[in-house]
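Text of start_35.cif (mmCIF, C-alpha atoms and all ligand atoms) as supplied:
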data_run
#
loop_
_atom_site.label_atom_id
_atom_site.label_comp_id
_atom_site.auth_asym_id
_atom_site.auth_seq_id
_atom_site.Cartn_x
_atom_site.Cartn_y
_atom_site.Cartn_z
CA MET A 1 0.00 0.00 0.00
CA VAL A 2 1.42 3.36 -0.98
CA ASN A 3 -0.84 5.65 0.98
CA MET A 4 1.64 8.29 2.00
CA PRO A 5 3.19 9.18 -1.39
CA LEU A 6 -0.27 9.33 -2.94
CA HIS A 7 -1.47 11.64 -0.26
CA MET A 8 1.50 13.97 0.04
CA PRO A 9 -0.16 16.79 -1.95
CA LYS A 10 -3.16 16.63 0.33
CA ILE A 11 -0.96 16.69 3.42
CA LEU A 12 0.97 19.69 2.10
CA ALA A 13 -2.32 21.43 1.40
CA ALA A 14 -3.42 20.83 4.95
CA LEU A 15 -0.14 22.06 6.42
CA SER A 16 -0.86 25.41 4.80
CA LEU A 17 -3.88 25.61 7.07
CA LEU A 18 -1.81 25.77 10.22
CA PRO A 19 -0.98 29.49 10.18
CA MET A 20 -4.60 30.28 9.43
CA LEU A 21 -5.87 28.15 12.26
CA SER A 22 -3.43 29.60 14.77
CA SER A 23 -4.26 33.15 13.71
CA CYS A 24 -7.92 32.37 14.23
CA ALA A 25 -7.19 31.19 17.72
CA SER A 26 -5.65 34.54 18.60
CA GLY A 27 -7.76 36.64 16.24
CA ALA A 28 -9.31 39.89 17.37
CA ALA A 29 -12.87 39.07 16.34
CA THR A 30 -14.94 37.02 18.75
CA PRO A 31 -17.76 34.68 17.71
CA ALA A 32 -20.30 37.15 19.05
CA GLU A 33 -18.90 39.86 16.77
CA THR A 34 -18.80 37.78 13.61
CA GLY A 35 -21.91 35.67 14.07
CA VAL A 36 -19.94 32.47 13.42
CA GLN A 37 -21.28 29.67 15.59
CA TYR A 38 -19.01 27.15 17.29
CA LEU A 39 -20.59 23.72 17.49
CA GLU A 40 -19.73 20.12 18.27
CA PRO A 41 -21.41 16.81 17.50
CA GLU A 42 -23.52 15.11 20.16
CA ILE A 43 -23.68 11.38 19.50
CA ILE A 44 -27.22 9.98 19.15
CA GLN A 45 -26.32 6.50 17.93
CA VAL A 46 -23.33 4.51 16.69
CA HIS A 47 -23.77 2.35 13.57
CA PRO A 48 -21.40 -0.37 12.38
CA PHE A 49 -19.31 0.49 9.31
CA ASP A 50 -17.04 -1.50 6.97
CA GLU A 51 -13.58 -0.66 8.28
CA ARG A 52 -12.03 -1.69 4.94
CA SER A 53 -13.69 1.33 3.31
CA PHE A 54 -11.30 4.19 2.55
CA THR A 55 -14.32 6.48 2.68
CA GLN A 56 -14.26 9.45 0.30
CA GLY A 57 -17.95 10.08 -0.32
CA LEU A 58 -21.00 9.57 1.88
CA GLU A 59 -24.65 10.33 1.22
CA VAL A 60 -28.05 8.98 2.25
CA ASP A 61 -30.44 7.97 -0.54
CA GLU A 62 -34.22 8.52 -0.63
CA GLN A 63 -34.82 5.15 1.04
CA GLY A 64 -32.55 6.03 3.94
CA ASN A 65 -29.73 3.74 2.83
CA LEU A 66 -26.13 4.88 2.60
CA LEU A 67 -24.14 5.46 -0.56
CA VAL A 68 -20.45 5.05 0.17
CA ALA A 69 -17.69 5.86 -2.34
CA THR A 70 -14.20 4.67 -1.49
CA GLY A 71 -10.70 5.48 -2.69
CA MET A 72 -7.26 3.98 -3.32
CA VAL A 73 -6.08 2.79 -6.74
CA GLY A 74 -7.21 -0.75 -7.44
CA GLU A 75 -9.73 -0.91 -4.60
CA SER A 76 -12.08 2.01 -5.22
CA ARG A 77 -15.75 1.16 -5.31
CA LEU A 78 -19.22 2.51 -4.74
CA TYR A 79 -21.74 0.65 -2.63
CA ARG A 80 -25.15 0.99 -1.08
CA VAL A 81 -25.66 -0.28 2.44
CA THR A 82 -28.45 -0.20 5.01
CA PRO A 83 -27.90 1.75 8.25
CA GLU A 84 -27.56 -1.65 9.94
CA GLY A 85 -24.65 -2.57 7.67
CA GLU A 86 -26.28 -4.92 5.13
CA GLU A 87 -24.69 -4.30 1.73
CA LEU A 88 -27.27 -4.05 -1.07
CA GLN A 89 -25.22 -3.11 -4.15
CA SER A 90 -21.57 -2.62 -5.09
CA VAL A 91 -19.77 -1.53 -8.24
CA ASP A 92 -16.01 -1.42 -8.66
CA LEU A 93 -14.38 1.65 -10.13
CA ASP A 94 -12.04 1.27 -13.10
CA PRO A 95 -8.95 -0.11 -11.30
CA ALA A 96 -6.80 2.70 -12.68
CA PHE A 97 -8.89 5.31 -10.85
CA PHE A 98 -8.75 6.65 -7.31
CA GLY A 99 -12.35 7.21 -6.24
CA GLU A 100 -13.55 10.27 -4.37
CA GLY A 101 -16.89 11.94 -3.59
CA VAL A 102 -20.36 10.92 -4.63
CA THR A 103 -23.78 12.57 -4.87
CA VAL A 104 -27.21 11.89 -6.31
CA ALA A 105 -28.83 14.53 -8.54
CA GLY A 106 -32.25 13.45 -9.74
CA ALA A 107 -31.92 10.17 -11.63
CA ASP A 108 -28.16 10.54 -11.86
CA LEU A 109 -25.35 9.76 -9.49
CA TRP A 110 -22.01 11.55 -9.88
CA GLN A 111 -18.81 9.93 -8.68
CA LEU A 112 -15.48 11.76 -8.67
CA THR A 113 -11.96 10.58 -9.19
CA TRP A 114 -9.13 12.30 -7.35
CA GLN A 115 -6.42 13.12 -9.93
CA ASP A 116 -7.63 11.16 -12.94
CA GLY A 117 -9.45 14.09 -14.59
CA VAL A 118 -12.69 12.14 -14.81
CA ALA A 119 -16.12 12.23 -13.23
CA ILE A 120 -18.43 9.26 -13.73
CA ARG A 121 -22.15 9.59 -14.29
CA ARG A 122 -24.20 6.62 -13.12
CA ASP A 123 -27.84 5.62 -12.92
CA ALA A 124 -28.76 6.48 -9.34
CA GLY A 125 -30.81 3.30 -9.02
CA SER A 126 -28.73 0.59 -10.70
CA LEU A 127 -25.36 2.40 -10.25
CA ALA A 128 -24.60 1.43 -13.88
CA GLU A 129 -22.09 3.72 -15.57
CA LEU A 130 -23.70 6.11 -18.08
CA GLY A 131 -20.72 8.19 -19.10
CA ARG A 132 -17.44 9.85 -18.22
CA TYR A 133 -16.98 13.60 -18.08
CA PRO A 134 -13.79 15.65 -18.02
CA LEU A 135 -12.80 17.13 -14.67
CA SER A 136 -10.45 20.11 -14.87
CA THR A 137 -9.61 20.16 -11.15
CA GLU A 138 -8.79 17.46 -8.66
CA GLY A 139 -11.93 15.77 -7.41
CA TRP A 140 -12.46 15.62 -3.66
CA GLY A 141 -16.07 16.15 -2.53
CA ILE A 142 -19.34 16.72 -4.34
CA CYS A 143 -22.93 17.48 -3.39
CA SER A 144 -26.10 18.37 -5.23
CA ARG A 145 -28.40 21.30 -4.48
CA GLN A 146 -31.24 22.87 -6.44
CA ASP A 147 -29.93 23.35 -10.00
CA GLU A 148 -26.24 22.79 -9.39
CA LEU A 149 -23.50 20.52 -8.22
CA LEU A 150 -20.87 21.82 -5.79
CA LEU A 151 -17.41 20.31 -5.98
CA SER A 152 -14.35 20.65 -3.75
CA ASP A 153 -10.77 20.07 -4.87
CA GLY A 154 -8.79 20.43 -1.65
CA SER A 155 -8.46 24.19 -1.98
CA ALA A 156 -10.76 26.88 -0.54
CA ALA A 157 -12.84 26.89 -3.73
CA LEU A 158 -16.23 25.38 -4.36
CA SER A 159 -16.82 24.82 -8.08
CA ARG A 160 -20.40 25.22 -9.23
CA LEU A 161 -21.26 22.82 -12.04
CA ASP A 162 -24.20 22.26 -14.35
CA PRO A 163 -25.84 19.01 -13.16
CA GLU A 164 -26.73 17.98 -16.73
CA THR A 165 -23.52 18.77 -18.62
CA PHE A 166 -21.02 18.83 -15.73
CA GLU A 167 -19.69 22.13 -17.12
CA LEU A 168 -18.09 24.57 -14.70
CA ARG A 169 -20.21 27.69 -14.22
CA GLU A 170 -18.20 29.56 -11.59
CA GLN A 171 -16.21 29.14 -8.40
CA THR A 172 -16.98 30.46 -4.93
CA ARG A 173 -14.23 30.99 -2.38
CA VAL A 174 -15.00 29.74 1.11
CA THR A 175 -13.91 32.12 3.87
CA LEU A 176 -13.99 32.14 7.66
CA GLU A 177 -14.03 35.72 8.91
CA GLY A 178 -12.55 36.76 5.58
CA VAL A 179 -9.76 34.16 5.56
CA PRO A 180 -9.89 31.42 2.89
CA VAL A 181 -10.47 27.92 4.30
CA GLU A 182 -8.18 25.51 2.45
CA GLY A 183 -8.54 21.73 2.40
CA LEU A 184 -12.30 21.48 1.85
CA ASN A 185 -13.02 17.80 1.42
CA GLU A 186 -16.20 15.72 1.68
CA LEU A 187 -19.32 17.82 1.13
CA GLU A 188 -22.97 17.74 2.06
CA CYS A 189 -25.58 20.10 0.67
CA VAL A 190 -28.49 20.89 2.98
CA GLY A 191 -30.84 23.60 1.71
CA ASP A 192 -28.89 26.83 1.35
CA GLU A 193 -25.97 25.52 3.36
CA VAL A 194 -23.11 23.22 2.53
CA TYR A 195 -21.10 21.29 5.07
CA ALA A 196 -17.48 20.44 4.37
CA ASN A 197 -15.02 18.55 6.48
CA VAL A 198 -11.52 19.99 6.38
CA PHE A 199 -8.79 17.59 5.31
CA LEU A 200 -6.61 16.16 8.10
CA SER A 201 -8.56 18.01 10.75
CA THR A 202 -11.55 17.19 12.91
CA GLU A 203 -13.33 20.36 11.77
CA ILE A 204 -16.43 20.67 9.65
CA MET A 205 -17.40 24.01 8.16
CA ARG A 206 -21.02 25.00 7.71
CA ILE A 207 -20.96 27.33 4.73
CA ASP A 208 -23.49 29.69 3.19
CA ALA A 209 -23.85 27.99 -0.19
CA LEU A 210 -24.28 31.27 -2.09
CA SER A 211 -21.72 33.57 -0.46
CA GLY A 212 -19.15 30.99 0.64
CA GLU A 213 -19.01 32.50 4.12
CA VAL A 214 -18.56 30.04 6.98
CA THR A 215 -21.50 30.37 9.38
CA ALA A 216 -20.45 27.67 11.84
CA VAL A 217 -17.30 25.77 12.76
CA ILE A 218 -18.06 22.29 14.06
CA ASP A 219 -15.24 20.57 15.93
CA ALA A 220 -15.73 16.82 15.81
CA ALA A 221 -12.63 16.03 17.90
CA ASN A 222 -14.89 14.36 20.47
CA LEU A 223 -15.77 11.51 18.07
CA PRO A 224 -13.67 8.42 18.82
CA ASN A 225 -11.46 7.54 15.85
CA ASN A 226 -11.26 3.75 16.20
CA ALA A 227 -9.49 3.16 12.88
CA THR A 228 -6.13 1.40 12.88
CA PRO A 229 -3.46 4.04 13.59
CA ASP A 230 -2.46 5.73 10.32
CA PRO A 231 -2.18 9.43 9.44
CA ASN A 232 -4.54 8.86 6.51
CA HIS A 233 -7.34 7.44 8.62
CA VAL A 234 -9.02 10.77 9.32
CA LEU A 235 -12.57 12.04 9.59
CA ASN A 236 -14.03 12.09 6.08
CA GLY A 237 -17.69 11.72 5.36
CA ILE A 238 -20.78 13.69 6.22
CA ALA A 239 -24.35 12.87 5.25
CA HIS A 240 -27.58 14.39 6.47
CA LEU A 241 -30.74 12.56 7.40
CA ASP A 242 -34.32 13.68 6.86
CA ASN A 243 -34.79 13.96 10.63
CA GLY A 244 -32.18 16.75 10.76
CA SER A 245 -29.37 14.68 12.24
CA PHE A 246 -26.12 13.82 10.47
CA LEU A 247 -23.93 10.78 9.92
CA LEU A 248 -20.18 11.23 10.32
CA GLY A 249 -17.51 8.71 9.40
CA GLY A 250 -13.91 8.45 8.31
CA LYS A 251 -11.36 6.58 6.25
CA ARG A 252 -11.26 2.95 7.46
CA TRP A 253 -13.37 3.91 10.47
CA PRO A 254 -15.28 0.95 11.92
CA ASP A 255 -17.97 3.26 13.30
CA LEU A 256 -20.47 5.64 11.76
CA TYR A 257 -21.77 8.24 14.16
CA GLU A 258 -25.30 9.59 14.02
CA VAL A 259 -25.08 13.04 15.57
CA ARG A 260 -26.73 16.37 16.06
CA PHE A 261 -24.75 19.59 16.21
CA VAL A 262 -24.96 21.50 19.49
CA PRO A 263 -23.14 24.57 20.86
CA SER A 264 -19.61 23.75 22.00
CA ALA A 265 -19.25 23.15 25.69
CA CA B 301 -21.73 13.86 1.70
#
When written as structure tokens, how does the structure in this file appear?
Amino acid sequence: MVNMPLHMPKILAALSLLPMLSSCASGAATPAETGVQYLEPEIIQVHPFDERSFTQGLEVDEQGNLLVATGMVGESRLYRVTPEGEELQSVDLDPAFFGEGVTVAGADLWQLTWQDGVAIRRDAGSLAELGRYPLSTEGWGICSRQDELLLSDGSAALSRLDPETFELREQTRVTLEGVPVEGLNELECVGDEVYANVFLSTEIMRIDALSGEVTAVIDAANLPNNATPDPNHVLNGIAHLDNGSFLLGGKRWPDLYEVRFVPSA
């Protein structure tokens, strides 16, 4: 397994976050002044999860089952599984590709590859491949909202794409108190907000989907990471449920946490 060399660019991207994070900690503006909320997950329930999954994309379908997209060259796949852990469907990605995020948009499902320059369109029901579309950035996370797809590439940008043609319309920069937030990874669209976990951190940003401004910082450091020790086995995966709660997981995590977000203690 060659995890570390493959992930060096992502690690370097995350290291660039450190000055920003430290400046935030000593910044002049307080949460009360900026309106940014500081939240943490409160665990409602713990579900079993396949600890072999190098989770890169997580979403809940209309039936309440999970869609999980996994990474690593030669072992990337997409599968559907019940909340109890019964696997219903699975399709392997082309073995040359490193799989990333996934989202359903109407009858389509979009699956990203990391650095392969390709997004895959699938039938959201059968998961059968319908076509491949060029991807001009790296592919990290993706989510669907209204008439657009939002895509992250590890930077502070969210690309806004046409959900029919996959063409790039524009990019929105995500900022926290005016400072770009690099390392945006797995995404989840919920109404006019988008949630993004930040690569190699335990933080999730709640972002105004139109302006790109962060409206809440959620620190998920209180979730037990029970994956085998490895720097790559970080929090990655956020999906919302119809009841307003969220599912959070990670790469090779054996647990999936159903949570609600509450003010930090
Ligand atoms: Ca998601």
Item to check | Point-to-point distance in Å for CA of Ser211 in chain A and CA of Glu182 in chain A | outcome: 16.0 Å
Item to check | Distance filter 6 Å around ligand CA 301 (chain B), atoms: only C-alpha atoms and all ligand atoms, out as a count of residues only | outcome: 9
Please identify every residue of range 66-159 of chain A that has at least one atom no farther than 12 Å from an atom of range 248-258 of chain A, counting all atoms listed in the file, and for each give the shortest atom pair and the distance in Å to one decimal, arranged by chain then increasing number, as CSV.
residue,atom,partner,partner_atom,distance
A:Leu66,CA,A:Leu256,CA,10.8
A:Val68,CA,A:Gly249,CA,10.4
A:Ala69,CA,A:Lys251,CA,10.7
A:Thr70,CA,A:Lys251,CA,8.5
A:Gly71,CA,A:Lys251,CA,9.0
A:Met72,CA,A:Lys251,CA,10.7
A:Thr82,CA,A:Leu256,CA,12.0
A:Pro83,CA,A:Leu256,CA,9.1
A:Glu84,CA,A:Leu256,CA,10.3
A:Gly85,CA,A:Leu256,CA,10.1
A:Glu100,CA,A:Lys251,CA,11.5
Item to check | Within 6 Å of range 164-178 of chain A using only C-alpha atoms, minus same-chain residues under 5 positions, as a ChimeraX atom specification | outcome: /A:156-159,212-214
Checklist entry - At what distance in Å, to one decimal, does CA of Leu184 in chain A lie from CA of Gly154 in chain A? => result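 These two atoms are separated by 5.1 Å.
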Item to check | Residue nearest Glu62 in chain A among A:Ile204, A:Ala124, A:Leu135, A:Val194 (counting all atoms listed in the file) | outcome: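 Among the listed residues, the smallest separation from Glu62 in chain A belongs to A:Ala124.
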Please identify all polymer residues within 8 Å of Phe97 in chain A, counting all atoms listed in the file, omitting same-chain residues fewer than 6 positions from it, and present them as a PDB file with C-alpha atoms, in the frame of the given file.
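Now in result.pdb:
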ATOM      1  CA  MET A  72      -7.260   3.980  -3.320  1.00  0.00           C
ATOM      2  CA  VAL A  73      -6.080   2.790  -6.740  1.00  0.00           C
ATOM      3  CA  GLY A  74      -7.210  -0.750  -7.440  1.00  0.00           C
ATOM      4  CA  SER A  76     -12.080   2.010  -5.220  1.00  0.00           C
ATOM      5  CA  THR A 113     -11.960  10.580  -9.190  1.00  0.00           C
ATOM      6  CA  TRP A 114      -9.130  12.300  -7.350  1.00  0.00           C
ATOM      7  CA  ASP A 116      -7.630  11.160 -12.940  1.00  0.00           C
TER       8      ASP A 116
END
Next on the checklist: Please determine, counting all atoms listed in the file, which residue among A:Gln115, A:His47, A:Ala105, A:Ser245 has the shortest atom-to-atom distance to Glu86 in chain A.
Outcome noted: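 That would be A:His47, the residue with the smallest distance to Glu86 in chain A.
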Checklist entry - Which of these residues is nearest to Arg80 in chain A, using only C-alpha atoms: A:Gln111, A:Gln45, A:Ser126, A:Asn226? => result A:Ser126
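Across the model, the gap from CA of Ser201 in chain A to CA of Asn65 in chain A is 26.7 Å.
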Item to check | Residue nearest Arg52 in chain A among A:Leu247, A:Leu109, A:Leu235, A:Ala227 (counting all atoms listed in the file) | outcome: A:Ala227
Checklist entry - Which polymer residues have any atom within 8 Å of an atom of Ala216 in chain A, counting only C-alpha atoms, with same-chain residues fewer than 6 positions away left out, as a list in words? => result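 Those residues are Val36, Gln37, Tyr38, Leu39, Met205, Arg206 and Ile207 of chain A.
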Item to check | Residue contacts of Ala107 in chain A (12 Å, only C-alpha atoms) excluding same-chain residues fewer than 3 positions away, as an MDAnalysis selection string | outcome: chainID A and resid 61:62 103:104 110 121:128 130 144 163:164
